[in-house]
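*Asks:* Below is upload-v2.txt; it holds compact mmCIF, C-alpha atoms.
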```
# COMPACT_ATOMS: atom_id res chain seq x y z
CA GLN A 1 -16.99 -6.61 9.31
CA VAL A 2 -13.80 -7.62 11.06
CA GLN A 3 -12.66 -6.23 14.37
CA LEU A 4 -9.01 -6.56 15.32
CA VAL A 5 -7.45 -6.27 18.76
CA GLU A 6 -3.68 -6.31 19.23
CA SER A 7 -1.83 -7.28 22.39
CA GLY A 8 1.66 -8.17 23.53
CA GLY A 9 3.47 -4.88 23.18
CA GLY A 10 5.69 -3.44 25.86
CA LEU A 11 9.13 -2.20 26.83
CA VAL A 12 12.10 -4.43 26.06
CA GLN A 13 15.86 -3.99 25.92
CA ALA A 14 17.71 -4.14 22.64
CA GLY A 15 18.35 -7.73 21.66
CA GLY A 16 15.22 -8.94 23.40
CA SER A 17 12.04 -10.50 22.04
CA LEU A 18 8.32 -9.88 22.04
CA ARG A 19 5.38 -11.70 20.52
CA LEU A 20 2.46 -9.64 19.33
CA SER A 21 -0.99 -11.16 18.92
CA CYS A 22 -3.96 -9.90 16.96
CA ALA A 23 -7.35 -11.42 17.70
CA ALA A 24 -10.00 -11.09 15.01
CA SER A 25 -13.76 -11.24 15.36
CA GLY A 26 -15.99 -13.03 12.91
CA ARG A 27 -16.32 -16.52 11.48
CA THR A 28 -14.48 -15.96 8.22
CA PHE A 29 -10.98 -15.20 9.49
CA SER A 30 -9.53 -17.86 7.21
CA SER A 31 -10.73 -15.83 4.22
CA TYR A 32 -8.61 -12.81 5.09
CA ASN A 33 -5.05 -11.89 4.28
CA MET A 34 -3.40 -10.39 7.33
CA GLY A 35 -0.65 -7.85 7.77
CA TRP A 36 1.39 -6.02 10.38
CA PHE A 37 2.36 -2.40 9.97
CA ARG A 38 4.11 0.03 12.29
CA GLN A 39 4.30 3.76 12.76
CA ALA A 40 6.95 5.59 14.73
CA PRO A 41 6.45 9.16 15.96
CA GLY A 42 6.87 11.64 13.12
CA LYS A 43 7.20 8.90 10.51
CA GLU A 44 4.98 7.37 7.88
CA ARG A 45 3.29 4.05 8.49
CA GLU A 46 5.42 1.24 7.13
CA PHE A 47 4.85 -2.36 6.15
CA VAL A 48 6.33 -4.99 8.44
CA ALA A 49 4.97 -8.41 7.46
CA ALA A 50 2.09 -10.11 5.67
CA ILE A 51 0.61 -13.58 5.49
CA SER A 52 -1.83 -15.17 3.08
CA ALA A 53 -5.26 -16.35 4.19
CA ASN A 54 -4.17 -19.99 4.14
CA GLY A 55 -0.88 -19.23 5.90
CA ALA A 56 1.17 -20.68 3.08
CA ASN A 57 2.90 -17.49 1.99
CA THR A 58 4.55 -14.67 3.89
CA ALA A 59 6.40 -11.46 3.13
CA TYR A 60 8.64 -9.19 5.20
CA ALA A 61 10.13 -5.74 5.04
CA ASP A 62 13.87 -5.87 4.50
CA SER A 63 14.43 -4.15 7.84
CA VAL A 64 12.89 -7.07 9.78
CA LYS A 65 13.71 -10.03 7.56
CA GLY A 66 15.43 -12.77 9.55
CA ARG A 67 14.34 -11.26 12.89
CA PHE A 68 10.53 -11.22 12.72
CA THR A 69 8.15 -14.08 11.93
CA ILE A 70 4.48 -13.75 11.08
CA SER A 71 2.15 -16.69 11.62
CA ARG A 72 -1.54 -17.37 12.06
CA ASP A 73 -3.85 -19.84 13.74
CA ASN A 74 -7.12 -19.86 11.83
CA ALA A 75 -8.77 -22.05 14.46
CA LYS A 76 -8.13 -19.30 17.02
CA ASN A 77 -8.79 -16.34 14.68
CA THR A 78 -5.39 -14.97 15.62
CA VAL A 79 -2.32 -13.72 13.80
CA TYR A 80 1.05 -13.38 15.52
CA LEU A 81 4.25 -11.44 15.05
CA GLN A 82 7.28 -12.95 16.77
CA MET A 83 9.95 -10.28 17.07
CA ASN A 84 13.51 -11.30 17.96
CA SER A 85 16.77 -9.37 18.17
CA LEU A 86 14.85 -6.16 18.65
CA LYS A 87 16.55 -2.86 17.93
CA PRO A 88 15.74 0.67 19.14
CA GLU A 89 14.64 1.52 15.60
CA ASP A 90 11.86 -1.07 15.93
CA THR A 91 10.16 1.25 18.43
CA ALA A 92 6.69 2.09 17.08
CA VAL A 93 3.00 1.44 17.41
CA TYR A 94 2.27 -1.85 15.68
CA HIS A 95 -1.04 -2.36 13.94
CA CYS A 96 -2.51 -5.51 12.47
CA SER A 97 -4.70 -5.33 9.41
CA ALA A 98 -7.05 -7.54 7.43
CA ALA A 99 -8.10 -7.71 3.79
CA ARG A 100 -10.42 -10.13 2.06
CA SER A 101 -8.48 -12.68 0.05
CA TYR A 102 -9.54 -13.27 -3.55
CA TYR A 103 -6.60 -15.31 -4.79
CA SER A 104 -5.31 -18.38 -3.00
CA GLY A 105 -1.89 -17.78 -1.55
CA SER A 106 -1.89 -14.04 -2.14
CA TYR A 107 -0.80 -11.42 0.36
CA TYR A 108 -0.63 -7.63 0.40
CA THR A 109 2.28 -5.39 1.33
CA SER A 110 0.54 -2.06 0.74
CA GLY A 111 -1.56 -0.53 3.47
CA ASN A 112 -3.99 0.65 0.82
CA GLU A 113 -5.08 -2.96 0.24
CA TYR A 114 -6.30 -3.42 3.81
CA ALA A 115 -9.83 -2.50 4.85
CA TYR A 116 -9.65 -3.30 8.55
CA TRP A 117 -7.20 -2.08 11.17
CA GLY A 118 -6.63 -2.58 14.86
CA GLN A 119 -5.96 0.21 17.35
CA GLY A 120 -2.33 -0.79 17.73
CA THR A 121 0.04 -1.84 20.49
CA GLN A 122 3.11 0.11 21.56
CA VAL A 123 6.52 -1.51 21.27
CA THR A 124 9.44 0.34 22.85
CA VAL A 125 12.99 -0.96 22.55
CA SER A 126 15.57 0.64 24.82
CA SER A 127 19.25 0.78 23.96
```
Show me the file's structure as structure tokens.
*Replies:*
Amino acid sequence: QVQLVESGGGLVQAGGSLRLSCAASGRTFSSYNMGWFRQAPGKEREFVAAISANGANTAYADSVKGRFTISRDNAKNTVYLQMNSLKPEDTAVYHCSAARSYYSGSYYTSGNEYAYWGQGTQVTVSS
């Protein structure tokens, strides 16, 4: 079992930055691929970013590429999402997710691959 708790959301003006954190319980965090997803009101959940268990490989949605950076600190059981140059369309509830890694360097971009989800943190970007 993995429990995930997000933090770091808030209200920011367009062009600003936020850093989200996701703290994971358990002693096997380094065995899990991690992801960030978001869901805006009235919209489907969408993939944002993913990182492999060893932190070597990452993936991003086209809409955030070049603005967001995912990283992890396995010693602290934490994954981060640094969000720069925020836009109003980035407004959403952001969820982190975890999935057991079976292949070194792999990552998942589909929500269906993830077994564990956090409650989410609200990010609101004003224009």
*Asks:* Hey, can you check how far atom CA of Cys96 of chain A sits from atom CA of Gly120 of chain A?
*Replies:*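 Interatomic distance, atom CA of Cys96 of chain A to atom CA of Gly120 of chain A: 7.1 Å.
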*Asks:* Calculate how many Å separate atom CA of Val125 of chain A from atom CA of Leu81 of chain A, rounding to one decimal.
*Replies:* 15.6 Å
*Asks:* Could you tell me how far atom CA of Asn57 of chain A sits from atom CA of Asn74 of chain A, in Å to one decimal place?
*Replies:*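 These atoms are spaced 14.2 Å apart.
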*Asks:* I'd like the contact shell of segment 50-56 of chain A - 12 Å cut-off, all atoms listed in the file, skipping same-chain residues fewer than 4 positions apart - returned as a PyMOL selection string.
*Replies:* chain A and resi 28-37+46+60-61+64-65+68-75+77-81+95-111+113-114
*Asks:* How about saving the chosen residues, C-alpha atoms kept, as a PDB file, in the frame of the given file?
*Replies:*
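Saved as out06.pdb:
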```pdb
ATOM      1  CA  THR A  28     -14.480 -15.960   8.220  1.00  0.00           C
ATOM      2  CA  PHE A  29     -10.980 -15.200   9.490  1.00  0.00           C
ATOM      3  CA  SER A  30      -9.530 -17.860   7.210  1.00  0.00           C
ATOM      4  CA  SER A  31     -10.730 -15.830   4.220  1.00  0.00           C
ATOM      5  CA  TYR A  32      -8.610 -12.810   5.090  1.00  0.00           C
ATOM      6  CA  ASN A  33      -5.050 -11.890   4.280  1.00  0.00           C
ATOM      7  CA  MET A  34      -3.400 -10.390   7.330  1.00  0.00           C
ATOM      8  CA  GLY A  35      -0.650  -7.850   7.770  1.00  0.00           C
ATOM      9  CA  TRP A  36       1.390  -6.020  10.380  1.00  0.00           C
ATOM     10  CA  PHE A  37       2.360  -2.400   9.970  1.00  0.00           C
ATOM     11  CA  GLU A  46       5.420   1.240   7.130  1.00  0.00           C
ATOM     12  CA  TYR A  60       8.640  -9.190   5.200  1.00  0.00           C
ATOM     13  CA  ALA A  61      10.130  -5.740   5.040  1.00  0.00           C
ATOM     14  CA  VAL A  64      12.890  -7.070   9.780  1.00  0.00           C
ATOM     15  CA  LYS A  65      13.710 -10.030   7.560  1.00  0.00           C
ATOM     16  CA  PHE A  68      10.530 -11.220  12.720  1.00  0.00           C
ATOM     17  CA  THR A  69       8.150 -14.080  11.930  1.00  0.00           C
ATOM     18  CA  ILE A  70       4.480 -13.750  11.080  1.00  0.00           C
ATOM     19  CA  SER A  71       2.150 -16.690  11.620  1.00  0.00           C
ATOM     20  CA  ARG A  72      -1.540 -17.370  12.060  1.00  0.00           C
ATOM     21  CA  ASP A  73      -3.850 -19.840  13.740  1.00  0.00           C
ATOM     22  CA  ASN A  74      -7.120 -19.860  11.830  1.00  0.00           C
ATOM     23  CA  ALA A  75      -8.770 -22.050  14.460  1.00  0.00           C
ATOM     24  CA  ASN A  77      -8.790 -16.340  14.680  1.00  0.00           C
ATOM     25  CA  THR A  78      -5.390 -14.970  15.620  1.00  0.00           C
ATOM     26  CA  VAL A  79      -2.320 -13.720  13.800  1.00  0.00           C
ATOM     27  CA  TYR A  80       1.050 -13.380  15.520  1.00  0.00           C
ATOM     28  CA  LEU A  81       4.250 -11.440  15.050  1.00  0.00           C
ATOM     29  CA  HIS A  95      -1.040  -2.360  13.940  1.00  0.00           C
ATOM     30  CA  CYS A  96      -2.510  -5.510  12.470  1.00  0.00           C
ATOM     31  CA  SER A  97      -4.700  -5.330   9.410  1.00  0.00           C
ATOM     32  CA  ALA A  98      -7.050  -7.540   7.430  1.00  0.00           C
ATOM     33  CA  ALA A  99      -8.100  -7.710   3.790  1.00  0.00           C
ATOM     34  CA  ARG A 100     -10.420 -10.130   2.060  1.00  0.00           C
ATOM     35  CA  SER A 101      -8.480 -12.680   0.050  1.00  0.00           C
ATOM     36  CA  TYR A 102      -9.540 -13.270  -3.550  1.00  0.00           C
ATOM     37  CA  TYR A 103      -6.600 -15.310  -4.790  1.00  0.00           C
ATOM     38  CA  SER A 104      -5.310 -18.380  -3.000  1.00  0.00           C
ATOM     39  CA  GLY A 105      -1.890 -17.780  -1.550  1.00  0.00           C
ATOM     40  CA  SER A 106      -1.890 -14.040  -2.140  1.00  0.00           C
ATOM     41  CA  TYR A 107      -0.800 -11.420   0.360  1.00  0.00           C
ATOM     42  CA  TYR A 108      -0.630  -7.630   0.400  1.00  0.00           C
ATOM     43  CA  THR A 109       2.280  -5.390   1.330  1.00  0.00           C
ATOM     44  CA  SER A 110       0.540  -2.060   0.740  1.00  0.00           C
ATOM     45  CA  GLY A 111      -1.560  -0.530   3.470  1.00  0.00           C
ATOM     46  CA  GLU A 113      -5.080  -2.960   0.240  1.00  0.00           C
ATOM     47  CA  TYR A 114      -6.300  -3.420   3.810  1.00  0.00           C
TER      48      TYR A 114
END
```
*Asks:* Could segment 23-53 of chain A be completed with N, CA and C atoms and returned as a short mmCIF file (atom, residue, chain, number, x, y, z; two decimals), keeping the file's coordinate frame?
*Replies:*
```
data_model
loop_
_atom_site.label_atom_id
_atom_site.label_comp_id
_atom_site.auth_asym_id
_atom_site.auth_seq_id
_atom_site.Cartn_x
_atom_site.Cartn_y
_atom_site.Cartn_z
N ALA A 23 -6.15 -10.60 17.70
CA ALA A 23 -7.35 -11.42 17.70
C ALA A 23 -8.42 -10.78 16.82
N ALA A 24 -9.00 -11.59 15.95
CA ALA A 24 -10.00 -11.09 15.01
C ALA A 24 -11.38 -11.64 15.34
N SER A 25 -12.37 -10.79 15.18
CA SER A 25 -13.76 -11.24 15.36
C SER A 25 -14.26 -11.86 14.06
N GLY A 26 -15.39 -12.51 14.13
CA GLY A 26 -15.99 -13.03 12.91
C GLY A 26 -15.68 -14.49 12.66
N ARG A 27 -16.46 -15.10 11.76
CA ARG A 27 -16.32 -16.52 11.48
C ARG A 27 -15.60 -16.82 10.18
N THR A 28 -15.11 -15.76 9.52
CA THR A 28 -14.48 -15.96 8.22
C THR A 28 -13.01 -15.53 8.22
N PHE A 29 -12.37 -15.63 9.37
CA PHE A 29 -10.98 -15.20 9.49
C PHE A 29 -10.10 -15.86 8.45
N SER A 30 -10.36 -17.11 8.15
CA SER A 30 -9.53 -17.86 7.21
C SER A 30 -9.67 -17.36 5.77
N SER A 31 -10.56 -16.42 5.54
CA SER A 31 -10.73 -15.83 4.22
C SER A 31 -9.99 -14.50 4.06
N TYR A 32 -9.26 -14.12 5.08
CA TYR A 32 -8.61 -12.81 5.09
C TYR A 32 -7.09 -12.92 5.07
N ASN A 33 -6.48 -12.12 4.19
CA ASN A 33 -5.05 -11.89 4.28
C ASN A 33 -4.81 -10.97 5.48
N MET A 34 -3.71 -11.18 6.15
CA MET A 34 -3.40 -10.39 7.33
C MET A 34 -2.03 -9.72 7.18
N GLY A 35 -1.92 -8.57 7.84
CA GLY A 35 -0.65 -7.85 7.77
C GLY A 35 -0.34 -7.18 9.09
N TRP A 36 0.93 -6.85 9.27
CA TRP A 36 1.39 -6.02 10.38
C TRP A 36 2.09 -4.80 9.79
N PHE A 37 1.74 -3.65 10.33
CA PHE A 37 2.36 -2.40 9.97
C PHE A 37 2.80 -1.69 11.25
N ARG A 38 3.69 -0.73 11.12
CA ARG A 38 4.11 0.03 12.29
C ARG A 38 4.26 1.49 11.93
N GLN A 39 4.12 2.32 12.96
CA GLN A 39 4.30 3.76 12.76
C GLN A 39 5.02 4.33 13.96
N ALA A 40 6.17 4.91 13.70
CA ALA A 40 6.95 5.59 14.73
C ALA A 40 6.57 7.06 14.74
N PRO A 41 6.80 7.74 15.87
CA PRO A 41 6.45 9.16 15.96
C PRO A 41 7.12 9.98 14.85
N GLY A 42 6.33 10.78 14.16
CA GLY A 42 6.87 11.64 13.12
C GLY A 42 7.21 10.94 11.83
N LYS A 43 6.87 9.66 11.72
CA LYS A 43 7.20 8.90 10.51
C LYS A 43 5.94 8.35 9.87
N GLU A 44 6.08 7.99 8.61
CA GLU A 44 4.98 7.37 7.88
C GLU A 44 4.77 5.93 8.37
N ARG A 45 3.56 5.45 8.21
CA ARG A 45 3.29 4.05 8.49
C ARG A 45 4.08 3.18 7.50
N GLU A 46 4.65 2.09 8.01
CA GLU A 46 5.42 1.24 7.13
C GLU A 46 5.02 -0.22 7.28
N PHE A 47 5.14 -0.94 6.18
CA PHE A 47 4.85 -2.36 6.15
C PHE A 47 5.88 -3.12 6.94
N VAL A 48 5.43 -4.14 7.67
CA VAL A 48 6.33 -4.99 8.44
C VAL A 48 6.30 -6.42 7.90
N ALA A 49 5.09 -7.02 7.88
CA ALA A 49 4.97 -8.41 7.46
C ALA A 49 3.55 -8.69 7.00
N ALA A 50 3.40 -9.72 6.16
CA ALA A 50 2.09 -10.11 5.67
C ALA A 50 2.03 -11.62 5.55
N ILE A 51 0.81 -12.15 5.62
CA ILE A 51 0.61 -13.58 5.49
C ILE A 51 -0.68 -13.83 4.72
N SER A 52 -0.65 -14.84 3.86
CA SER A 52 -1.83 -15.17 3.08
C SER A 52 -2.91 -15.80 3.96
N ALA A 53 -4.12 -15.84 3.43
CA ALA A 53 -5.26 -16.35 4.19
C ALA A 53 -5.04 -17.80 4.64
#
```
